[in-house]
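Trainee: A single structure is presented below for examination.
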2 protein chains.
Amino acid sequence: MKEAVLRLLKAHRPGYVSGEDICKSLDVTRTAVWKHIQALREDGYEIEARPRAGYSLVFVPDRLYAEEIRDGLSTKFIGRQVFYRSSVVSTNDLAIELAQRGVPDGSLVVAEEQTGGRGRLSREWHSPKYKGIWFSLVLYPPVNPSEASRVTMVTAVALALAVRKSTGVPAGIKWPNDLLVGGKKLCGILTELGAELDKINYLVMGAGINVNLDRADFPQELRDTATSLKIETGSEIARVRLLQSMLVEFEHWYRIWLEQGFAGVLMKWKELSVSLNCPVRIHTLNKTWDGWAEDVDEDGALLLRLPGGRLQRLLAGDVSLRM
Amino acid sequence: MKEAVLRLLKAHRPGYVSGEDICKSLDVTRTAVWKHIQALREDGYEIEARPRAGYSLVFVPDRLYAEEIRDGLSTKFIGRQVFYRSSVVSTNDLAIELAQRGVPDGSLVVAEEQTGGRGRLSREWHSPKYKGIWFSLVLYPPVNPSEASRVTMVTAVALALAVRKSTGVPAGIKWPNDLLVGGKKLCGILTELGAELDKINYLVMGAGINVNLDRADFPQELRDTATSLKIETGSEIARVRLLQSMLVEFEHWYRIWLEQGFAGVLMKWKELSVSLNCPVRIHTLNKTWDGWAEDVDEDGALLLRLPGGRLQRLLAGDVSLRM
């Protein structure tokens with residue numbers, strides 16, 4: 001009902017809608033309308049009330065509320081169901097819980113802050129309140145678990161393109177799961193899954209995008225290696241619009257993969273990559289590799305040309321570019 | 001404490017242990033001893049009480065109680081922690097829950113019956129009370145998710161050998177996850193995992209072994225395709241001893257894999273296989289393949305020689321042997 005009141009206010013923006021009209025449209029009492037207006041104000045919406053004219057919405061806060069995300073979202077299934085939290089330990093953890101309960105395909109979990117945000121291999125992901133987009137998608141792709149890495153690649157392509165289109169910032173993909181700008185980390189992706197040997201039960205794609213963090217918002221140890229869209233552009237970015245654009249791009253590339261095969265995604269991934277065709281050093285769980293990053297295959301594995309000429313296939317690892 | 005009383009009774013078997021001695025050994029009152037004796041009787045233990053002599057254990061029920069499974073179990077970590085349930089929806093589901101809470105490596109979940117036991121691809125697994133061994137192990141193998149299928153292979157080898165050694169029944173392995181006797185299904189294995197792209201967060205290996213089912217215990221539609229150890233041997237099998245033997249074999253082959261590599265397991269798997277080197281028809285999720293089952297690779301994939309001569313690699317599927 002609060003969402004319906006908000007929709008009416010938006011429809012009349014920048015004009016006024018009378019309390020009586022809201023009552024009639026939604027078949028509620030004046031007292032109920034007043035309560036919803038108060039609730040919206042507590043959510044950060046600025047609503048002017050003028051005798052005889054009624055209510056006018058004058059400011060919409062940049063919060064990742066479900067109703068804001070859904071407002072004007074043109075996707076078919078990605079983000080149609082939104083689980084919003086002001087604070088959460090980790091959007092991936094919550095998404096895994098929800099996936100095990102069978103929430104709809106494409107469900108979105110989004111939080112204003114994560115108190116225990118995780119990257120690959122349980123590394124901490126710094127997720128301060130209102131400063132980024134910390135979200136996860138619940139997916140049930142009808143593919144083998146061995147193809148799960150393709151979701152990470154679809155995501156990297158989608159997020160890089162959304163960032164480029166929405167902000168002009170030239171985000172590039174660093175294998176296996178980051179977006180960089182000028183060599184600094186803008187975004188990380190963490191794909192987790194529950195599976196049988198030949199069937200994915202659920203897949204959770206989590207991403208963290210540094211949007212409106214200032215340099216001082218990063219912990220000391222990240223200041224030289226991480227960046228944000230605000231740092232890159234010099235201005236605040238509207239998070240809701242950017243997230244919507246990411247959801248639209250994600251759905252587009254995800255469907256291309258499932259309906260037309262992975263070749264198109266892979267080609268786009270390579271085009272956007274900043275860690276191919278260069279010398280790299282790669283730390284895997286138990287070894288360090290030096291070589292030439294020659295290619296990436298359909299399973300997201302890096303094909304590393306070793307000094308001796310042999311081609312080594314790596315599923316994941318930490319890359320540093322060697323200059 | 002109940003377990004301690006049981007241990008004392010077992011230690012004195014077939015003789016008597018006086019109530020007073022139990023009190024002294026365990027530092028409890030006569031009333032407490034009496035309560036534990038009553039609780040054991042309710043669990044199915046038959047305990048004779050004779051004035052002046054004390055208590056004597058005359059019958060141990062074939063229940064999969066934690067204290068029975070641990071009694072004399074020679075494993076290092078497999079089954080050291082036991083979660084016993086009289087009835088459960090699915091031991092795998094419970095094991096996944098426990099794994100997410102971080103129970104110890106090798107924890108065993110075992111139930112007298114499953115009300116919603118599952119096989120591969122969510123197919124029903126018939127699990128009547130007291131008639132089989134329905135169990136799951138929680139494991140945290142330090143390997144890539146792509147190697148998860150090796151746990152299924154380790155399990156198949158271990159269970160086939162345990163069945164052969166304990167009962168003499170010549171169980172064979174049918175790719176990808178069953179044990180057969182004379183072409184009929186004796187046992188199914190269902191491996192599930194929670195993972196990141198290059199790290200297994202947890203793995204749950206579930207198995208169901210038809211032990212003491214009579215033909216009439218199977219639903220009509222399974223009577224021609226399933227069998228049990230009782231049907232094959234003509235006599236009741238002690239489930240606890242068989243499960244212990246399975247746990248010991250499992251730990252043995254699991255450690256061989258992790259410590260010495262997979263080659264030894266794979267060789268044993270092939271030796272025990274009944275679906276290699278023969279013509280087969282295989283139904284996968286979206287296709288039917290006819291060919292010659294030529295080999296199995298280190299990832300558990302079947303290498304199928306197609307009529308045209310091409311070798312097709314299949315991760316899983318339903319095999320029927322063509323004669």
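Just so we're on the same page: first chain in the structure tokens is A, next is B, and so on; residues restart at 1 for each chain, and ligands are numbered from 1 in the order they show up.
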What's around region 165-167 of chain A at 7 Å? Count only C-alpha atoms, leave out sequence neighbours fewer than 3 positions away in its own chain, and write the answer as a VMD selection string.
Mentor: chain A and resid 161 to 162 242
Trainee: Could you write out that same residue set with C-alpha atoms as a PDB file, in the first residue's frame?
Mentor:
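See part-v7.pdb below for the written result:
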```
ATOM      1  CA  LEU A 161      28.918  -2.588 -20.180  1.00  0.00           C
ATOM      2  CA  ALA A 162      26.414  -1.119 -17.703  1.00  0.00           C
ATOM      3  CA  LEU A 242      22.973   2.016 -12.328  1.00  0.00           C
TER       4      LEU A 242
END
```
Trainee: List the spatial neighbours of Gln100 (chain B) as a ChimeraX atom specification - criterion: any atom at most 12 Å away, only C-alpha atoms, same-chain residues fewer than 4 positions off excluded.
Mentor: /A:93,96-97,100,194 /B:93-96,104-105,138-140,193-195,200-204
Trainee: With a distance cut-off of 8 Å and only C-alpha atoms, select the neighbouring residues of Ala53 (chain A), excluding the residue or stretch itself and same-chain residues fewer than 4 positions from it, and output the selection as a short mmCIF file (atom, residue, chain, number, x, y, z; two decimals) with N, CA and C atoms, in the first residue's frame.
Mentor:
```cif
data_model
loop_
_atom_site.label_atom_id
_atom_site.label_comp_id
_atom_site.auth_asym_id
_atom_site.auth_seq_id
_atom_site.Cartn_x
_atom_site.Cartn_y
_atom_site.Cartn_z
N TYR A 16 0.78 18.25 -7.37
CA TYR A 16 0.22 17.77 -6.11
C TYR A 16 -0.88 16.75 -6.38
N VAL A 17 -1.06 15.86 -5.42
CA VAL A 17 -2.22 14.98 -5.46
C VAL A 17 -2.92 15.15 -4.11
N SER A 18 -4.23 15.32 -4.15
CA SER A 18 -4.95 15.60 -2.90
C SER A 18 -5.11 14.33 -2.08
N ALA A 49 3.42 18.85 2.05
CA ALA A 49 1.97 18.83 2.23
C ALA A 49 1.48 20.27 2.23
#
```
Trainee: Based on only C-alpha atoms, which of the residues in chain A come within 8 Å of chain B? I want them as an MDAnalysis selection string.
Mentor: chainID A and resid 120:121 146 148:149 190:199 315:316
Trainee: Counting only C-alpha atoms, which of A:Thr288, A:Glu3, A:Ile173, A:Tyr45 gets nearest to Arg70 (chain A)?
Mentor: A:Glu3
Trainee: DSSP on the backbone, helix (DSSP H, G or I) only: what residues of region 58-283 of chain A does that give? Format it as a PDB file with C-alpha atoms, in the first residue's frame.
Mentor:
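Below you can see result37.pdb, which holds the result:
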```
ATOM      1  CA  ALA A  66      12.498  -2.702  -3.912  1.00  0.00           C
ATOM      2  CA  GLU A  67       9.913  -0.207  -5.190  1.00  0.00           C
ATOM      3  CA  GLU A  68      12.631   2.043  -6.615  1.00  0.00           C
ATOM      4  CA  ILE A  69      14.427  -0.821  -8.309  1.00  0.00           C
ATOM      5  CA  ARG A  70      11.233  -2.174  -9.852  1.00  0.00           C
ATOM      6  CA  THR A  91      24.007 -10.822   0.278  1.00  0.00           C
ATOM      7  CA  ASN A  92      25.339 -14.148  -1.037  1.00  0.00           C
ATOM      8  CA  ASP A  93      24.625 -15.900   2.272  1.00  0.00           C
ATOM      9  CA  LEU A  94      21.059 -14.589   2.315  1.00  0.00           C
ATOM     10  CA  ALA A  95      20.605 -15.455  -1.364  1.00  0.00           C
ATOM     11  CA  ILE A  96      21.786 -19.037  -0.717  1.00  0.00           C
ATOM     12  CA  GLU A  97      19.243 -19.360   2.092  1.00  0.00           C
ATOM     13  CA  LEU A  98      16.508 -18.023  -0.167  1.00  0.00           C
ATOM     14  CA  ALA A  99      17.581 -20.269  -3.050  1.00  0.00           C
ATOM     15  CA  GLN A 100      17.330 -23.314  -0.802  1.00  0.00           C
ATOM     16  CA  ARG A 120      36.654 -15.259  -3.569  1.00  0.00           C
ATOM     17  CA  LEU A 121      38.137 -17.734  -1.042  1.00  0.00           C
ATOM     18  CA  SER A 122      36.315 -16.052   1.866  1.00  0.00           C
ATOM     19  CA  PRO A 145      27.987 -27.373 -12.691  1.00  0.00           C
ATOM     20  CA  SER A 146      31.097 -27.284 -14.868  1.00  0.00           C
ATOM     21  CA  GLU A 147      29.514 -24.379 -16.768  1.00  0.00           C
ATOM     22  CA  SER A 149      31.920 -20.133 -14.326  1.00  0.00           C
ATOM     23  CA  ARG A 150      30.088 -18.834 -17.372  1.00  0.00           C
ATOM     24  CA  VAL A 151      27.756 -16.954 -15.059  1.00  0.00           C
ATOM     25  CA  THR A 152      30.764 -15.085 -13.687  1.00  0.00           C
ATOM     26  CA  MET A 153      31.758 -14.226 -17.255  1.00  0.00           C
ATOM     27  CA  VAL A 154      28.214 -13.147 -18.202  1.00  0.00           C
ATOM     28  CA  THR A 155      28.199 -10.939 -15.105  1.00  0.00           C
ATOM     29  CA  ALA A 156      31.561  -9.376 -15.852  1.00  0.00           C
ATOM     30  CA  VAL A 157      30.441  -8.495 -19.369  1.00  0.00           C
ATOM     31  CA  ALA A 158      27.096  -7.131 -18.175  1.00  0.00           C
ATOM     32  CA  LEU A 159      28.513  -5.022 -15.357  1.00  0.00           C
ATOM     33  CA  ALA A 160      31.359  -3.641 -17.454  1.00  0.00           C
ATOM     34  CA  LEU A 161      28.918  -2.588 -20.180  1.00  0.00           C
ATOM     35  CA  ALA A 162      26.414  -1.119 -17.703  1.00  0.00           C
ATOM     36  CA  VAL A 163      29.161   0.911 -16.034  1.00  0.00           C
ATOM     37  CA  ARG A 164      30.431   2.139 -19.406  1.00  0.00           C
ATOM     38  CA  LYS A 165      26.981   3.079 -20.692  1.00  0.00           C
ATOM     39  CA  SER A 166      25.746   4.684 -17.450  1.00  0.00           C
ATOM     40  CA  THR A 167      28.869   6.539 -16.395  1.00  0.00           C
ATOM     41  CA  ARG A 215      39.143   7.660  -1.073  1.00  0.00           C
ATOM     42  CA  ALA A 216      38.734   8.028   2.701  1.00  0.00           C
ATOM     43  CA  ASP A 217      35.924   5.453   2.698  1.00  0.00           C
ATOM     44  CA  GLN A 220      44.147   2.281   4.307  1.00  0.00           C
ATOM     45  CA  GLU A 221      45.359  -0.981   2.768  1.00  0.00           C
ATOM     46  CA  LEU A 222      42.952  -0.719  -0.173  1.00  0.00           C
ATOM     47  CA  LEU A 229      32.861   5.439  -9.792  1.00  0.00           C
ATOM     48  CA  LYS A 230      32.731   8.648  -7.759  1.00  0.00           C
ATOM     49  CA  ILE A 231      36.514   8.817  -7.618  1.00  0.00           C
ATOM     50  CA  GLU A 232      36.738   8.169 -11.361  1.00  0.00           C
ATOM     51  CA  THR A 233      34.010  10.618 -12.443  1.00  0.00           C
ATOM     52  CA  ARG A 239      22.791   3.863  -7.562  1.00  0.00           C
ATOM     53  CA  VAL A 240      19.243   2.814  -8.435  1.00  0.00           C
ATOM     54  CA  ARG A 241      19.589   3.723 -12.115  1.00  0.00           C
ATOM     55  CA  LEU A 242      22.973   2.016 -12.328  1.00  0.00           C
ATOM     56  CA  LEU A 243      21.644  -1.156 -10.696  1.00  0.00           C
ATOM     57  CA  GLN A 244      18.682  -1.197 -13.079  1.00  0.00           C
ATOM     58  CA  SER A 245      21.036  -0.872 -16.008  1.00  0.00           C
ATOM     59  CA  MET A 246      23.129  -3.755 -14.634  1.00  0.00           C
ATOM     60  CA  LEU A 247      20.070  -5.964 -14.246  1.00  0.00           C
ATOM     61  CA  VAL A 248      18.971  -5.225 -17.816  1.00  0.00           C
ATOM     62  CA  GLU A 249      22.441  -5.969 -19.215  1.00  0.00           C
ATOM     63  CA  PHE A 250      22.716  -9.103 -17.118  1.00  0.00           C
ATOM     64  CA  GLU A 251      19.414 -10.469 -18.343  1.00  0.00           C
ATOM     65  CA  HIS A 252      20.386  -9.650 -21.936  1.00  0.00           C
ATOM     66  CA  TRP A 253      23.711 -11.523 -21.851  1.00  0.00           C
ATOM     67  CA  TYR A 254      22.408 -14.346 -19.667  1.00  0.00           C
ATOM     68  CA  ARG A 255      19.659 -15.036 -22.202  1.00  0.00           C
ATOM     69  CA  ILE A 256      22.078 -14.780 -25.115  1.00  0.00           C
ATOM     70  CA  TRP A 257      24.142 -17.492 -23.440  1.00  0.00           C
ATOM     71  CA  LEU A 258      21.238 -19.831 -22.695  1.00  0.00           C
ATOM     72  CA  GLU A 259      19.397 -19.250 -25.975  1.00  0.00           C
ATOM     73  CA  GLN A 260      22.199 -18.818 -28.507  1.00  0.00           C
ATOM     74  CA  ALA A 263      30.330 -17.854 -28.123  1.00  0.00           C
ATOM     75  CA  GLY A 264      28.855 -14.334 -28.200  1.00  0.00           C
ATOM     76  CA  VAL A 265      29.456 -13.798 -24.497  1.00  0.00           C
ATOM     77  CA  LEU A 266      32.994 -15.131 -24.722  1.00  0.00           C
ATOM     78  CA  MET A 267      33.810 -12.811 -27.627  1.00  0.00           C
ATOM     79  CA  LYS A 268      32.482  -9.809 -25.714  1.00  0.00           C
ATOM     80  CA  TRP A 269      34.354 -10.919 -22.582  1.00  0.00           C
ATOM     81  CA  LYS A 270      37.656 -11.008 -24.496  1.00  0.00           C
ATOM     82  CA  GLU A 271      36.935  -7.601 -26.027  1.00  0.00           C
ATOM     83  CA  LEU A 272      36.440  -6.136 -22.537  1.00  0.00           C
TER      84      LEU A 272
END
```
Trainee: Would you pick out the contacts of Glu112 (chain B) at 12 Å or less, using only C-alpha atoms, so that residues sharing its chain but fewer than 6 positions from it are not included, and give the list as number ranges by chain?
Mentor: B: 62-66, 83-91, 127-135, 208-209, 211, 239-240
Trainee: If you count only C-alpha atoms, which residues fall within 8 Å of Arg30 (chain A), apart from same-chain ones fewer than 5 positions away, as a PyMOL selection string?
Mentor: chain A and resi 19-20+23
Trainee: Separation of CA of Ile47 (chain A) and CA of Thr29 (chain A), in Å?
Mentor: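 Interatomic distance, CA of Ile47 (chain A) to CA of Thr29 (chain A): 18.7 Å.
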Trainee: Measuring atom to atom with only C-alpha atoms, identify which of B:Gln312, B:Ser25, B:Gln81, B:Ser273 is nearest to Ala171 (chain B).
Mentor: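 The shortest atom-to-atom distance to Ala171 (chain B) comes from B:Ser273.
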Trainee: If DSSP is run on the backbone, what residues of region 206-312 of chain A are strand (DSSP E)? A reply as a PyMOL selection string would be ideal.
Mentor: chain A and resi 206-210+279-284+287-296+302-305+311-312
Trainee: Rounded to one decimal, what separation in Å do you get between CA of Arg313 (chain A) and CA of Ile282 (chain A)?
Mentor: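 Separation of CA of Arg313 (chain A) and CA of Ile282 (chain A): 11.6 Å.
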Trainee: Have a look at CA of Glu46 (chain A) and CA of Leu6 (chain A) and let me know their distance in Å, one decimal.
Mentor: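 Between CA of Glu46 (chain A) and CA of Leu6 (chain A) the gap is 11.2 Å.
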